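J.: Supplied structure: coords36.txt, compact mmCIF, C-alpha atoms and all ligand atoms.
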# COMPACT_ATOMS: atom_id res chain seq x y z
CA MET H 20 14.61 14.01 9.48
CA ILE H 21 17.75 12.66 7.98
CA VAL H 22 20.61 11.75 10.26
CA LYS H 23 24.09 11.75 8.78
CA ARG H 24 27.12 10.66 10.66
CA LEU H 25 30.68 9.97 9.78
CA THR H 26 31.39 6.29 9.86
CA GLY H 27 33.93 5.01 12.32
CA ILE H 28 36.26 3.84 9.60
CA GLY H 29 35.94 7.02 7.56
CA LEU H 30 36.59 9.16 10.59
CA ALA H 31 39.52 7.09 11.84
CA THR H 32 41.12 7.07 8.41
CA GLY H 33 40.53 10.76 8.03
CA LEU H 34 42.17 11.49 11.35
CA ALA H 35 45.05 9.11 10.67
CA LEU H 36 45.77 10.81 7.38
CA GLY H 37 45.31 14.21 8.95
CA LEU H 38 42.67 15.17 6.43
CA ALA H 39 40.95 18.45 7.08
CA ALA H 40 37.95 17.99 4.81
CA PRO H 41 35.17 15.93 6.41
CA ALA H 42 33.14 16.22 3.20
CA ALA H 43 35.52 13.72 1.62
CA LEU H 44 34.64 11.09 4.20
CA ALA H 45 31.93 8.50 3.70
CA ALA H 46 28.79 9.38 5.62
CA GLU H 47 26.28 6.82 6.74
CA VAL H 48 22.72 8.07 6.56
CA THR H 49 19.95 6.88 8.86
CA LEU H 50 16.42 7.16 7.50
CA LYS H 51 13.41 7.29 9.78
CA ALA H 52 10.68 4.91 8.59
CA ILE H 53 7.02 4.25 9.38
CA SER H 54 4.38 1.75 8.26
CA ALA H 55 0.65 2.40 7.83
CA PHE H 56 -0.08 -1.12 9.06
CA THR H 57 0.36 -2.77 12.43
CA GLU H 58 3.85 -4.12 13.01
CA LYS H 59 4.42 -7.73 11.99
CA THR H 60 1.06 -8.03 10.18
CA VAL H 61 0.83 -9.08 6.56
CA PHE H 62 1.07 -5.62 4.97
CA SER H 63 4.03 -4.58 7.12
CA VAL H 64 6.09 -7.78 6.99
CA PRO H 65 7.56 -7.31 3.47
CA PHE H 66 8.57 -3.75 4.39
CA GLU H 67 10.10 -4.96 7.65
CA ARG H 68 12.15 -7.57 5.74
CA PHE H 69 13.27 -4.85 3.34
CA ILE H 70 14.42 -2.74 6.28
CA ASP H 71 16.29 -5.70 7.82
CA LYS H 72 18.03 -6.30 4.49
CA ILE H 73 19.02 -2.64 4.16
CA ASN H 74 20.37 -2.62 7.69
CA ALA H 75 22.35 -5.82 7.08
CA GLU H 76 23.79 -4.81 3.71
CA GLY H 77 23.93 -1.06 4.00
CA LYS H 78 26.35 -0.59 6.88
CA GLY H 79 28.38 2.57 6.36
CA LEU H 80 25.98 3.63 3.61
CA VAL H 81 22.28 3.65 4.54
CA GLN H 82 20.50 2.45 7.65
CA VAL H 83 16.81 2.58 8.51
CA ASN H 84 15.37 3.39 11.90
CA TYR H 85 11.90 1.82 11.93
CA ILE H 86 9.62 3.63 14.34
CA GLY H 87 6.73 1.20 13.74
CA GLY H 88 3.09 1.15 12.68
CA PRO H 89 -0.13 3.03 13.57
CA LYS H 90 0.85 3.33 17.23
CA ALA H 91 3.64 5.65 16.12
CA MET H 92 1.48 7.65 13.68
CA PRO H 93 -2.17 7.49 12.50
CA PRO H 94 -2.26 5.88 9.01
CA PHE H 95 -4.12 8.74 7.35
CA GLU H 96 -1.40 11.20 8.45
CA ILE H 97 1.50 9.38 6.86
CA GLY H 98 1.23 11.07 3.45
CA ASN H 99 1.60 14.46 5.10
CA ALA H 100 4.52 13.24 7.20
CA VAL H 101 6.36 12.00 4.10
CA ARG H 102 5.68 15.23 2.25
CA ALA H 103 6.93 17.36 5.13
CA GLY H 104 9.93 15.17 5.91
CA VAL H 105 8.70 14.30 9.39
CA VAL H 106 9.58 10.75 8.30
CA ASP H 107 12.03 9.86 5.52
CA MET H 108 10.44 6.60 4.39
CA ALA H 109 6.97 5.07 4.59
CA ASN H 110 5.11 1.91 3.70
CA VAL H 111 1.66 3.23 2.86
CA THR H 112 -1.23 2.73 0.47
CA GLY H 113 -2.52 5.43 -1.88
CA ALA H 114 -5.99 5.36 -0.30
CA PHE H 115 -4.51 6.83 2.87
CA TYR H 116 -3.36 10.09 1.26
CA THR H 117 -6.00 10.94 -1.36
CA ASN H 118 -6.43 14.21 0.57
CA LEU H 119 -3.05 15.26 -0.85
CA MET H 120 -3.37 13.81 -4.36
CA PRO H 121 -6.48 12.03 -5.68
CA GLU H 122 -4.30 10.14 -8.19
CA SER H 123 -2.80 8.08 -5.36
CA ASP H 124 -5.90 5.87 -5.35
CA ALA H 125 -5.31 4.90 -9.01
CA LEU H 126 -2.54 2.46 -8.10
CA LYS H 127 -5.21 -0.05 -6.99
CA LEU H 128 -6.51 -0.08 -10.57
CA SER H 129 -3.30 -1.40 -12.15
CA THR H 130 -3.67 -4.62 -14.10
CA ILE H 131 0.05 -4.93 -14.88
CA SER H 132 2.86 -5.92 -12.52
CA ALA H 133 5.33 -3.59 -10.85
CA GLN H 134 8.02 -4.97 -13.18
CA GLU H 135 5.92 -4.16 -16.24
CA GLN H 136 5.25 -0.68 -14.82
CA ARG H 137 8.99 -0.04 -14.83
CA ARG H 138 9.27 -1.25 -18.44
CA ASN H 139 6.31 0.61 -19.94
CA GLY H 140 6.91 4.03 -18.40
CA ALA H 141 4.17 3.84 -15.73
CA TRP H 142 6.73 3.94 -12.92
CA ALA H 143 8.42 7.02 -14.40
CA TYR H 144 5.07 8.78 -14.79
CA ILE H 145 4.00 7.89 -11.26
CA ASN H 146 7.34 8.93 -9.81
CA LYS H 147 7.21 12.36 -11.48
CA LEU H 148 3.66 12.90 -10.25
CA TRP H 149 4.53 11.80 -6.71
CA ASN H 150 7.62 14.06 -6.82
CA GLU H 151 5.48 17.06 -7.74
CA LYS H 152 2.40 16.41 -5.65
CA ILE H 153 3.66 14.99 -2.37
CA ASN H 154 7.38 15.64 -2.51
CA ALA H 155 8.10 11.91 -2.56
CA GLN H 156 10.26 9.51 -4.50
CA TYR H 157 8.15 6.48 -5.50
CA LEU H 158 10.64 3.83 -4.46
CA ALA H 159 8.82 0.48 -4.77
CA ARG H 160 5.50 -1.30 -4.98
CA VAL H 161 5.27 -3.70 -2.07
CA VAL H 162 1.94 -5.43 -2.69
CA ASP H 163 0.72 -6.56 -6.11
CA ASN H 164 -1.15 -9.52 -7.66
CA MET H 165 -3.79 -9.45 -4.92
CA PRO H 166 -7.53 -8.64 -4.94
CA PHE H 167 -9.68 -6.75 -2.45
CA HIS H 168 -12.94 -8.31 -1.28
CA LEU H 169 -16.17 -7.37 0.38
CA TYR H 170 -16.68 -9.13 3.74
CA LEU H 171 -20.13 -9.26 5.36
CA THR H 172 -21.97 -10.18 8.53
CA LYS H 173 -25.22 -10.57 6.56
CA LYS H 174 -26.03 -12.68 3.55
CA ILE H 175 -26.73 -11.17 0.14
CA ASP H 176 -27.73 -13.06 -2.99
CA LYS H 177 -27.02 -10.50 -5.68
CA PRO H 178 -24.64 -7.56 -6.18
CA ASP H 179 -27.00 -5.11 -4.53
CA LEU H 180 -25.74 -3.51 -1.32
CA THR H 181 -28.84 -1.43 -0.61
CA GLY H 182 -29.52 -1.22 3.11
CA LEU H 183 -25.99 -2.25 4.13
CA LYS H 184 -23.63 -0.02 6.04
CA LEU H 185 -20.03 -0.83 5.16
CA ARG H 186 -16.65 0.18 6.49
CA ILE H 187 -14.57 1.68 3.72
CA THR H 188 -11.47 3.60 2.79
CA PRO H 189 -11.28 5.53 -0.50
CA VAL H 190 -10.40 2.19 -2.17
CA TYR H 191 -13.98 0.98 -1.97
CA ARG H 192 -16.07 4.11 -1.48
CA ASP H 193 -17.35 4.80 -4.99
CA PHE H 194 -17.83 1.13 -5.89
CA PHE H 195 -19.83 0.19 -2.78
CA GLN H 196 -21.90 3.36 -3.04
CA ALA H 197 -22.62 2.62 -6.71
CA LEU H 198 -24.06 -0.72 -5.56
CA GLY H 199 -26.32 1.05 -3.07
CA ALA H 200 -24.38 0.81 0.22
CA THR H 201 -24.06 3.43 2.93
CA VAL H 202 -20.41 3.82 3.89
CA VAL H 203 -18.31 4.85 6.86
CA GLN H 204 -14.57 5.40 6.64
CA THR H 205 -12.27 4.03 9.33
CA PRO H 206 -8.60 3.14 9.58
CA PRO H 207 -7.92 -0.62 9.88
CA GLY H 208 -7.48 -0.31 13.65
CA GLU H 209 -11.18 0.53 14.11
CA VAL H 210 -12.70 -2.27 12.05
CA TYR H 211 -13.00 -4.81 14.86
CA THR H 212 -14.87 -2.45 17.17
CA ALA H 213 -17.17 -1.29 14.37
CA LEU H 214 -18.11 -4.93 13.68
CA GLU H 215 -18.44 -5.77 17.36
CA ARG H 216 -20.79 -2.87 18.01
CA GLY H 217 -22.81 -3.60 14.87
CA VAL H 218 -21.99 -0.15 13.51
CA VAL H 219 -21.22 -1.80 10.16
CA ASP H 220 -22.54 -4.87 8.32
CA GLY H 221 -19.23 -5.53 6.64
CA TYR H 222 -16.05 -4.05 5.30
CA GLY H 223 -13.71 -3.87 2.35
CA TRP H 224 -10.29 -5.47 2.79
CA PRO H 225 -7.72 -7.45 0.80
CA ILE H 226 -7.92 -11.24 0.61
CA LEU H 227 -5.05 -11.39 3.13
CA GLY H 228 -4.98 -9.94 6.63
CA VAL H 229 -8.42 -10.79 8.06
CA PHE H 230 -6.82 -12.85 10.84
CA ASP H 231 -4.20 -10.27 11.78
CA LEU H 232 -6.59 -8.18 13.87
CA GLY H 233 -9.09 -10.92 14.77
CA TRP H 234 -11.84 -9.98 12.29
CA GLN H 235 -12.58 -13.64 11.47
CA GLU H 236 -14.47 -13.72 14.77
CA ARG H 237 -16.91 -11.15 13.41
CA THR H 238 -16.98 -12.08 9.71
CA LYS H 239 -19.57 -14.45 8.27
CA PHE H 240 -19.19 -14.07 4.50
CA ARG H 241 -16.63 -13.17 1.86
CA VAL H 242 -17.99 -12.06 -1.49
CA ASP H 243 -16.24 -13.48 -4.57
CA PRO H 244 -14.90 -12.47 -6.98
CA GLY H 245 -12.41 -10.00 -5.58
CA PHE H 246 -11.67 -6.79 -7.43
CA TYR H 247 -8.80 -4.32 -8.04
CA ASN H 248 -5.16 -4.92 -7.12
CA VAL H 249 -3.99 -4.27 -3.56
CA GLU H 250 -1.23 -1.71 -3.34
CA THR H 251 1.15 -0.57 -0.71
CA SER H 252 4.29 1.26 -1.74
CA VAL H 253 7.50 2.56 -0.23
CA LEU H 254 7.79 6.33 -0.50
CA VAL H 255 10.86 8.39 0.38
CA ASN H 256 10.74 12.10 1.17
CA LEU H 257 12.12 13.75 -1.97
CA THR H 258 14.36 16.20 -0.15
CA THR H 259 15.93 13.30 1.74
CA TRP H 260 16.29 11.35 -1.51
CA GLN H 261 18.04 14.26 -3.23
CA LYS H 262 20.49 14.63 -0.33
CA LEU H 263 21.68 11.04 -0.76
CA ASP H 264 24.68 10.41 -2.98
CA ASP H 265 24.60 8.22 -6.10
CA LYS H 266 25.90 5.20 -4.27
CA GLN H 267 23.20 5.44 -1.63
CA ARG H 268 20.46 5.93 -4.21
CA ASP H 269 21.76 3.03 -6.32
CA PHE H 270 21.81 0.85 -3.23
CA LEU H 271 18.21 1.73 -2.33
CA ASN H 272 17.05 1.25 -5.92
CA ARG H 273 18.58 -2.24 -5.95
CA GLN H 274 16.78 -3.04 -2.68
CA ALA H 275 13.55 -1.72 -4.24
CA ILE H 276 13.89 -4.08 -7.22
CA TRP H 277 14.46 -6.94 -4.77
CA LEU H 278 11.34 -5.92 -2.83
CA GLU H 279 9.20 -5.83 -5.98
CA ALA H 280 10.48 -9.29 -6.93
CA GLN H 281 9.03 -10.55 -3.63
CA ASN H 282 5.56 -9.84 -5.05
CA ALA H 283 5.78 -13.25 -6.74
CA GLN H 284 5.06 -14.81 -3.33
CA TRP H 285 1.50 -13.45 -3.03
CA PRO H 286 -0.47 -15.92 -5.19
CA ASP H 287 0.57 -18.92 -3.05
CA MET H 288 -0.25 -17.03 0.13
CA ILE H 289 -3.67 -16.15 -1.26
CA ALA H 290 -4.52 -19.78 -1.99
CA ALA H 291 -3.56 -20.77 1.57
CA GLU H 292 -5.51 -17.87 3.05
CA LYS H 293 -8.74 -18.86 1.30
CA GLN H 294 -8.51 -22.28 2.93
CA ARG H 295 -7.80 -20.71 6.27
CA GLN H 296 -10.86 -18.45 5.98
CA ALA H 297 -13.06 -21.42 5.05
CA ALA H 298 -11.68 -23.39 8.00
CA ALA H 299 -12.53 -20.46 10.28
CA GLY H 300 -16.14 -20.63 9.09
CA ILE H 301 -16.13 -17.71 6.68
CA GLN H 302 -18.55 -18.72 3.91
CA THR H 303 -18.21 -17.49 0.36
CA ILE H 304 -20.95 -15.77 -1.56
CA THR H 305 -20.00 -16.21 -5.19
CA PHE H 306 -21.28 -14.20 -8.11
CA ASP H 307 -20.76 -16.58 -11.03
CA GLY H 308 -20.47 -16.06 -14.73
CA ALA H 309 -21.78 -12.83 -16.20
CA THR H 310 -22.87 -11.54 -12.77
CA GLY H 311 -19.31 -11.92 -11.47
CA ARG H 312 -17.79 -10.38 -14.58
CA GLU H 313 -20.18 -7.42 -14.39
CA PHE H 314 -19.42 -6.94 -10.66
CA VAL H 315 -15.68 -6.63 -11.41
CA ALA H 316 -16.24 -4.54 -14.55
CA LYS H 317 -18.39 -2.16 -12.52
CA ALA H 318 -15.63 -1.82 -9.92
CA TYR H 319 -13.12 -0.70 -12.55
CA GLU H 320 -15.61 1.50 -14.38
CA VAL H 321 -16.54 3.35 -11.19
CA GLY H 322 -12.91 3.42 -10.00
CA TRP H 323 -11.51 5.04 -13.12
CA ALA H 324 -14.47 7.39 -13.52
CA SER H 325 -13.80 8.66 -10.01
CA ILE H 326 -10.06 9.17 -10.58
CA ILE H 327 -10.61 10.87 -13.95
CA ALA H 328 -13.27 13.18 -12.51
CA LYS H 329 -10.85 14.29 -9.78
CA SER H 330 -7.80 14.43 -12.03
CA PRO H 331 -8.77 15.10 -15.65
CA GLU H 332 -5.13 15.76 -16.52
CA HIS H 333 -3.44 12.67 -15.09
CA GLY H 334 -6.33 10.20 -14.73
CA PRO H 335 -6.55 9.17 -18.41
CA LYS H 336 -2.74 8.87 -18.68
CA LEU H 337 -2.57 6.70 -15.58
CA LYS H 338 -5.39 4.56 -16.96
CA ALA H 339 -3.51 4.00 -20.23
CA LEU H 340 -0.23 3.22 -18.45
CA LEU H 341 -1.63 0.96 -15.71
CA THR H 342 -4.06 -1.11 -17.77
CA ALA H 343 -2.97 -4.24 -19.64
CA LYS H 344 -3.42 -3.91 -23.37
O1 LIG O 1 -9.04 -1.30 3.65
C1 LIG O 1 -8.06 -0.59 3.81
O2 LIG O 1 -7.73 -0.11 4.90
C2 LIG O 1 -7.23 -0.28 2.64
O3 LIG O 1 -7.53 0.62 1.92
C3 LIG O 1 -6.05 -1.13 2.38
C4 LIG O 1 -5.22 -0.84 1.29
C5 LIG O 1 -4.10 -1.64 1.06
C6 LIG O 1 -3.81 -2.70 1.89
C7 LIG O 1 -4.62 -2.97 2.97
C8 LIG O 1 -5.73 -2.19 3.22
Represent the structure of the file as structure tokens.
T.:
Amino acid sequence: MIVKRLTGIGLATGLALGLAAPAALAAEVTLKAISAFTEKTVFSVPFERFIDKINAEGKGLVQVNYIGGPKAMPPFEIGNAVRAGVVDMANVTGAFYTNLMPESDALKLSTISAQEQRRNGAWAYINKLWNEKINAQYLARVVDNMPFHLYLTKKIDKPDLTGLKLRITPVYRDFFQALGATVVQTPPGEVYTALERGVVDGYGWPILGVFDLGWQERTKFRVDPGFYNVETSVLVNLTTWQKLDDKQRDFLNRQAIWLEAQNAQWPDMIAAEKQRQAAAGIQTITFDGATGREFVAKAYEVGWASIIAKSPEHGPKLKALLTAK
């Protein structure tokens, strides 16, 4: 729901001048926002900074009312909420709304930066698709330059996951299954309990964030190399977006470019996180050389095959636009 109100100054000036037409007055818009990740954890923090910046710089123009993370709304329901306009803005990953558009899971397969996606037409293609399929403006890519990994409670010595039961989201499903695993889907908030109860022998997750919900206590191994490119993005309900005026849209687009520039921070954070995991006793299982290269190649092969099978029209185009030449 979009909340418009006349700004104090606009209203006072209007009354002082005796103007009869409120439409001529500046209207501040307040957007209702949600994150798919727990508040103040690694995949919400950049979005929360973005909101703080909008609220500091957008007075009289655009403000954001942040209602929080998964306590406010289950992560897998956010796509629907954006589409329907129940929220105006969301920080969410494509894997959480594949039920609405299978193409959303292709963003993890990008091998070019958000900046390059704006230059080569990928952003425009994605935005049009997101407009049509989930009634959303694709505002910004929040996470980039970061791999996913497989984390385990049991040791393996080759890329064969037969006999393992792994927690997944759509990000990892086809890849882990192709390597022989049995899979069970859960939102992030259920990973700890699944590990604690021994319901799963491991899980897929980005290189960052293991400590946020205490999983290091239940994690023995990280498998290297990582694979894919972690994605969360800011989506805006399209109806809300279209109701904004040019100045408001320009303002939000400038904030989006700023947010995407913050993606340069991830590589340093990743290096620090690997040390922190090692210090917490998480051992690495490394597939070297050709075995490692084949592991990653398999991830992409299975990933794109799955997207293209579900979306023969857009899958190949997304592959061409999102893959480095
Ligand atoms: O593992 C997950 O829950 C997942 O798919 C994801 C995607 C992006 C960032 C963090 C987690």
J.: Within 10 Å of ligand LIG 1 (chain O), counting all atoms listed in the file: which residues, as a ChimeraX atom specification?
T.: /H:55-56,61-63,94-95,111-115,124,127,161-163,165-169,186-192,204-210,222-228,248-252
J.: Which one of H:Thr238, H:Ser123, H:Thr342, H:Gln82 sits closest to H:Ala297 if you count all atoms listed in the file?
T.: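 That would be H:Thr238, the residue with the smallest distance to H:Ala297.
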J.: For each of H:Gly79, H:Pro65, H:Gly140, H:Gly199, take the minimum atom-to-atom distance to H:Asn110, counting only C-alpha atoms, then give the residue where this is smallest.
T.: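 Between H:Gly79, H:Pro65, H:Gly140, H:Gly199, the residue approaching H:Asn110 most closely is H:Pro65.
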J.: I'd like the interatomic distance between atom CA of H:Gln156 and atom CA of H:Glu279, to a tenth of an Å.
T.: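 Going from atom CA of H:Gln156 over to atom CA of H:Glu279, I get 15.4 Å.
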J.: Could you give me, as a Markdown table, every stretch 204-321 of chain H residue with an atom at most 9 Å from stretch 69-73 of chain H, plus its closest atom pair and distance in Å to one decimal, counting only C-alpha atoms, rows ordered by chain then number?
T.:
| residue | atom | partner | partner_atom | distance |
| --- | --- | --- | --- | --- |
| H:Phe270 | CA | H:Ile73 | CA | 8.6 |
| H:Leu271 | CA | H:Ile73 | CA | 7.9 |
| H:Gln274 | CA | H:Phe69 | CA | 7.2 |
| H:Ala275 | CA | H:Phe69 | CA | 8.2 |
| H:Trp277 | CA | H:Phe69 | CA | 8.5 |
| H:Leu278 | CA | H:Phe69 | CA | 6.6 |
J.: Which neighbours of H:Ala133 fall inside 10 Å, counting only C-alpha atoms, when residues of the same chain fewer than 2 positions from it are skipped, and could you give them as a list in words?
T.: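 Here the qualifying residues turn out to be Ser129, Thr130, Ile131, Glu135, Gln136, Arg137, Arg138, Ala141, Trp142, Ala159, Arg160, Val161, Val162, Asp163, Asn164, Ile276, Glu279, Ala280, Asn282 and Leu341 of chain H.
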J.: How many Å lie between atom CA of H:Val242 and atom CA of H:Lys59, rounded to one decimal?
T.: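 Going from atom CA of H:Val242 over to atom CA of H:Lys59, I get 26.5 Å.
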J.: Do you have the atom CA of H:Glu320-atom CA of H:Ala291 distance handy?
T.: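 If I compute the distance from atom CA of H:Glu320 to atom CA of H:Ala291, I get 29.9 Å.
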J.: When distances are computed from all atoms listed in the file, which of H:Ala52, H:Leu337, H:Thr258, H:Pro121 shows the smallest separation from H:Ala143?
T.: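 Ranking H:Ala52, H:Leu337, H:Thr258, H:Pro121 by distance to H:Ala143, first place goes to H:Leu337.
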J.: Any chance you could tabulate, as a Markdown table, the residues of stretch 92-145 of chain H at most 12 Å from stretch 45-49 of chain H with each one's nearest atom pair and distance in Å to one decimal, using all atoms listed in the file, in chain and rising number order?
T.:
| residue | atom | partner | partner_atom | distance |
| --- | --- | --- | --- | --- |
| H:Val106 | CA | H:Thr49 | CA | 11.1 |
| H:Asp107 | CA | H:Thr49 | CA | 9.1 |
| H:Met108 | CA | H:Thr49 | CA | 10.5 |
J.: Which of these residues is nearest to H:Asn150, using all atoms listed in the file: H:Lys262, H:Arg295, H:Lys344, H:Arg102?
T.: H:Arg102
J.: Taking into account all atoms listed in the file, which residue in the set H:Ser54, H:Lys266, H:Gln281, H:Gly182 is nearest to H:Lys90?
T.: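 Among H:Ser54, H:Lys266, H:Gln281, H:Gly182, it is H:Ser54 that comes nearest to H:Lys90.
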J.: Compare H:Phe194, H:Trp285, H:Trp234, H:Tyr157 by their minimum atom-to-atom distance to H:Val255, counting all atoms listed in the file, and give me the closest one.
T.: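 Of H:Phe194, H:Trp285, H:Trp234, H:Tyr157, the one nearest H:Val255, counting all atoms listed in the file, is H:Tyr157.
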J.: Please identify all polymer residues lying at most 10 Å from the point (-14.7, -13.7, -10.6) (file coordinates), using all atoms listed in the file, and present the result as a list in words.
T.: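 It turns out the residues near that spot are Val242, Asp243, Pro244, Gly245, Phe246, Thr305, Phe306, Asp307, Gly308, Ala309, Thr310, Gly311, Arg312, Glu313, Phe314 and Val315 of chain H.
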